[in-house]
>>> print(open('entry_1.tsv').read())   # TSV, C-alpha atoms
chain	number	residue	atom	x	y	z
A	1	MET	CA	-11.84	5.13	-14.35
A	2	ASN	CA	-9.50	3.83	-11.65
A	3	LYS	CA	-7.14	6.55	-10.37
A	4	THR	CA	-5.87	7.03	-6.81
A	5	PHE	CA	-3.81	9.78	-5.18
A	6	LEU	CA	-2.41	9.37	-1.66
A	7	VAL	CA	-0.14	11.39	0.61
A	8	GLY	CA	1.09	9.74	3.77
A	9	HIS	CA	3.95	8.32	5.81
A	10	LEU	CA	5.48	4.85	5.47
A	11	THR	CA	4.66	2.71	8.51
A	12	LYS	CA	7.83	0.61	8.11
A	13	ASP	CA	10.74	0.20	5.72
A	14	PRO	CA	9.77	-0.96	2.20
A	15	GLU	CA	10.28	-4.63	1.33
A	16	LEU	CA	11.98	-5.34	-2.01
A	17	ARG	CA	11.79	-8.68	-3.82
A	18	TYR	CA	12.81	-9.92	-7.24
A	19	LEU	CA	10.57	-12.25	-9.21
A	20	SER	CA	12.02	-15.22	-11.09
A	21	ASN	CA	12.32	-13.06	-14.23
A	22	ASN	CA	14.42	-10.53	-12.20
A	23	THR	CA	11.62	-7.94	-12.06
A	24	ALA	CA	11.84	-5.80	-8.92
A	25	VAL	CA	8.71	-5.34	-6.80
A	26	ALA	CA	8.52	-3.34	-3.57
A	27	THR	CA	5.68	-3.33	-1.06
A	28	PHE	CA	5.02	-0.90	1.76
A	29	THR	CA	2.16	0.49	3.80
A	30	VAL	CA	1.26	4.18	3.90
A	31	ALA	CA	-0.59	5.76	6.83
A	32	VAL	CA	-2.97	8.40	5.45
A	33	ASN	CA	-4.63	10.71	7.95
A	34	ARG	CA	-8.39	11.02	7.80
A	35	THR	CA	-9.74	14.57	7.45
A	36	TYR	CA	-11.98	14.31	10.50
A	37	ALA	CA	-11.70	13.32	14.17
A	38	ASN	CA	-13.54	10.41	15.78
A	39	GLN	CA	-16.08	10.74	18.63
A	40	ASN	CA	-13.21	11.07	21.14
A	41	GLY	CA	-11.70	13.96	19.16
A	42	GLU	CA	-8.76	11.84	17.95
A	43	ARG	CA	-7.50	11.79	14.38
A	44	GLU	CA	-7.39	8.35	12.81
A	45	ALA	CA	-5.53	7.04	9.79
A	46	ASP	CA	-6.09	4.48	7.09
A	47	PHE	CA	-3.27	2.02	6.43
A	48	ILE	CA	-3.02	1.41	2.69
A	49	ASN	CA	-0.88	-1.30	1.11
A	50	VAL	CA	1.11	-0.13	-1.91
A	51	VAL	CA	2.93	-2.13	-4.60
A	52	VAL	CA	5.49	-0.57	-6.95
A	53	TRP	CA	7.39	-2.26	-9.77
A	54	ARG	CA	10.78	-2.24	-11.57
A	55	LYS	CA	13.29	0.62	-11.20
A	56	GLN	CA	10.90	2.69	-9.12
A	57	ALA	CA	10.67	-0.24	-6.67
A	58	GLU	CA	14.46	-0.23	-6.32
A	59	ASN	CA	14.47	3.53	-5.74
A	60	VAL	CA	11.76	3.25	-3.10
A	61	LYS	CA	13.85	0.69	-1.21
A	62	LYS	CA	17.03	2.74	-1.61
A	63	TYR	CA	15.70	6.16	-0.60
A	64	LEU	CA	12.66	5.65	1.64
A	65	SER	CA	12.29	4.29	5.14
A	66	LYS	CA	9.80	4.19	8.01
A	67	GLY	CA	8.30	7.65	8.47
A	68	SER	CA	9.12	8.94	4.98
A	69	LEU	CA	6.46	11.21	3.51
A	70	VAL	CA	5.37	10.11	0.04
A	71	GLY	CA	2.88	11.03	-2.65
A	72	ILE	CA	1.41	8.10	-4.57
A	73	ASP	CA	-0.27	8.22	-7.97
A	74	GLY	CA	-1.73	4.87	-8.97
A	75	ARG	CA	-4.74	2.60	-9.19
A	76	ILE	CA	-6.64	0.32	-6.84
A	77	GLN	CA	-6.30	-3.39	-7.52
A	78	THR	CA	-8.09	-6.31	-5.89
A	79	ARG	CA	-7.04	-9.94	-5.88
A	80	ASN	CA	-7.56	-13.06	-3.81
A	81	TYR	CA	-5.77	-16.29	-3.08
A	82	GLU	CA	-6.05	-19.36	-0.90
A	83	ASN	CA	-3.72	-19.26	2.12
A	84	GLN	CA	-1.89	-22.21	3.71
A	85	GLU	CA	-4.90	-23.00	5.90
A	86	GLY	CA	-7.12	-23.25	2.81
A	87	LYS	CA	-8.95	-20.01	3.57
A	88	ARG	CA	-9.71	-17.52	0.76
A	89	VAL	CA	-7.90	-14.19	1.42
A	90	TYR	CA	-9.03	-10.99	-0.34
A	91	VAL	CA	-6.51	-8.20	-0.88
A	92	THR	CA	-7.06	-4.59	-1.92
A	93	GLU	CA	-3.94	-2.58	-2.67
A	94	VAL	CA	-2.72	0.42	-4.62
A	95	VAL	CA	-0.45	-0.30	-7.57
A	96	ALA	CA	1.71	2.82	-7.81
A	97	ASP	CA	2.42	4.32	-11.20
A	98	ASN	CA	4.44	7.10	-9.60
A	99	VAL	CA	5.95	7.55	-6.13
A	100	GLN	CA	7.01	11.08	-5.21
A	101	PHE	CA	9.52	11.45	-2.38
A	102	LEU	CA	8.16	14.34	-0.29
A	103	GLY	CA	9.96	16.16	2.50
A	104	SER	CA	13.63	16.99	2.73
A	105	LYS	CA	16.48	14.50	2.29
A	106	ASN	CA	17.15	14.65	6.05
A	107	GLN	CA	13.57	13.62	6.77
A	108	ARG	CA	14.10	10.57	4.53
A	109	SER	CA	17.23	9.40	6.39
A	110	ASN	CA	15.59	7.79	9.44
A	111	ASN	CA	15.58	11.04	11.42
A	112	VAL	CA	11.90	10.74	12.29
A	113	SER	CA	11.04	10.95	15.95
A	114	PRO	CA	8.70	8.38	17.54
A	115	GLU	CA	6.36	11.21	18.58
A	116	ASP	CA	5.56	11.79	14.91
A	117	PHE	CA	3.65	8.48	14.88
A	118	SER	CA	2.38	8.29	18.46
A	119	HIS	CA	-1.22	8.87	17.33
A	120	TYR	CA	-1.07	5.58	15.35
A	121	GLU	CA	-0.24	3.45	18.41
A	122	ASN	CA	-3.75	2.07	18.94
A	123	GLN	CA	-4.34	1.36	15.27
A	124	VAL	CA	-3.34	-1.93	13.69
A	125	PRO	CA	-2.14	-1.94	10.07
A	126	PRO	CA	-3.51	-4.66	7.80
A	127	GLU	CA	-1.60	-7.90	7.30
A	128	THR	CA	1.21	-7.83	4.76
A	129	THR	CA	0.56	-10.07	1.80
A	130	ASN	CA	2.93	-12.04	-0.38
A	131	ILE	CA	3.29	-11.37	-4.07
A	132	SER	CA	3.79	-14.38	-6.29
A	133	ASP	CA	5.53	-14.62	-9.64
A	134	GLU	CA	2.06	-14.61	-11.20
A	135	PRO	CA	0.25	-11.70	-9.48
A	136	PHE	CA	-3.04	-12.37	-11.30
A	137	ALA	CA	-2.96	-16.18	-11.11
A	138	ASP	CA	-5.43	-16.24	-8.21
A	139	PHE	CA	-7.28	-13.11	-9.20
A	140	GLY	CA	-10.66	-14.72	-8.66
A	141	GLU	CA	-13.68	-16.15	-10.34
A	142	THR	CA	-15.69	-14.67	-13.18
A	143	ILE	CA	-18.70	-12.72	-11.97
A	144	GLU	CA	-21.91	-13.00	-13.96
A	145	LEU	CA	-23.93	-9.75	-14.20
A	146	SER	CA	-27.37	-9.26	-15.63
A	147	GLU	CA	-28.59	-6.00	-17.14
A	148	ASP	CA	-30.54	-5.39	-13.91
A	149	ASP	CA	-27.24	-5.28	-11.97
A	150	ILE	CA	-25.82	-2.42	-14.06
A	151	ALA	CA	-26.63	1.08	-12.78
A	152	PHE	CA	-26.74	2.81	-16.17
>>> encode(input="entry_1.tsv", output="structure tokens")
Amino acid sequence: MNKTFLVGHLTKDPELRYLSNNTAVATFTVAVNRTYANQNGEREADFINVVVWRKQAENVKKYLSKGSLVGIDGRIQTRNYENQEGKRVYVTEVVADNVQFLGSKNQRSNNVSPEDFSHYENQVPPETTNISDEPFADFGETIELSEDDIAF
């Protein structure tokens, strides 16, 4: 089973692209607070890349912006590709089945104060990745498993 639920704030405005077949795809990063503090007593966050498709992608671009609070229902997907320097890049992201716009309409209209995100200043979000027309073209190699590798 592969099911993921997230609640967090967008770290920047969503990016919307259209593939050659006119399919809309939006990407954004969500900062999700951890439930515990680190050794210095500070709360940290995980920065999770999210991909959303079609009409929902267009709505995300239209109605959400940096700081918007969202609820994500989706699945984790991994893929890899070779970058321009010839290095293999591995990507883990959440493919959203449903994006819920949380908070009031005023909170979604860029009225978020910088103080709301000051605790993220020392944290670096992961690199943004490109999405090709063929999202699974470079998905990776086949992995051979023996019966000894399976836990059940």
>>> closest_residue(input="entry_1.tsv", among="A:Glu93, A:Asp46, A:Asp13, A:Glu58", to="Ala31 (chain A)", atoms="only C-alpha atoms")
A:Asp46
>>> atom_distance(input="entry_1.tsv", atom1="CA of Phe101 (chain A)", atom2="CA of Glu44 (chain A)")
22.9 Å
>>> atom_distance(input="entry_1.tsv", atom1="CA of Lys66 (chain A)", atom2="CA of Thr11 (chain A)")
5.4 Å
>>> closest_residue(input="entry_1.tsv", among="A:Asn40, A:Leu16, A:Gly103, A:Val94", to="Gly74 (chain A)", atoms="all atoms listed in the file")
A:Val94
>>> atom_distance(input="entry_1.tsv", atom1="CA of Leu10 (chain A)", atom2="CA of Asn22 (chain A)")
25.1 Å
>>> closest_residue(input="entry_1.tsv", among="A:Leu6, A:Gly71, A:Asn59, A:Gly86", to="Gln100 (chain A)", atoms="all atoms listed in the file")
A:Gly71
>>> closest_residue(input="entry_1.tsv", among="A:Asn83, A:Asn49, A:Asn2, A:Gln77", to="Phe28 (chain A)", atoms="only C-alpha atoms")
A:Asn49
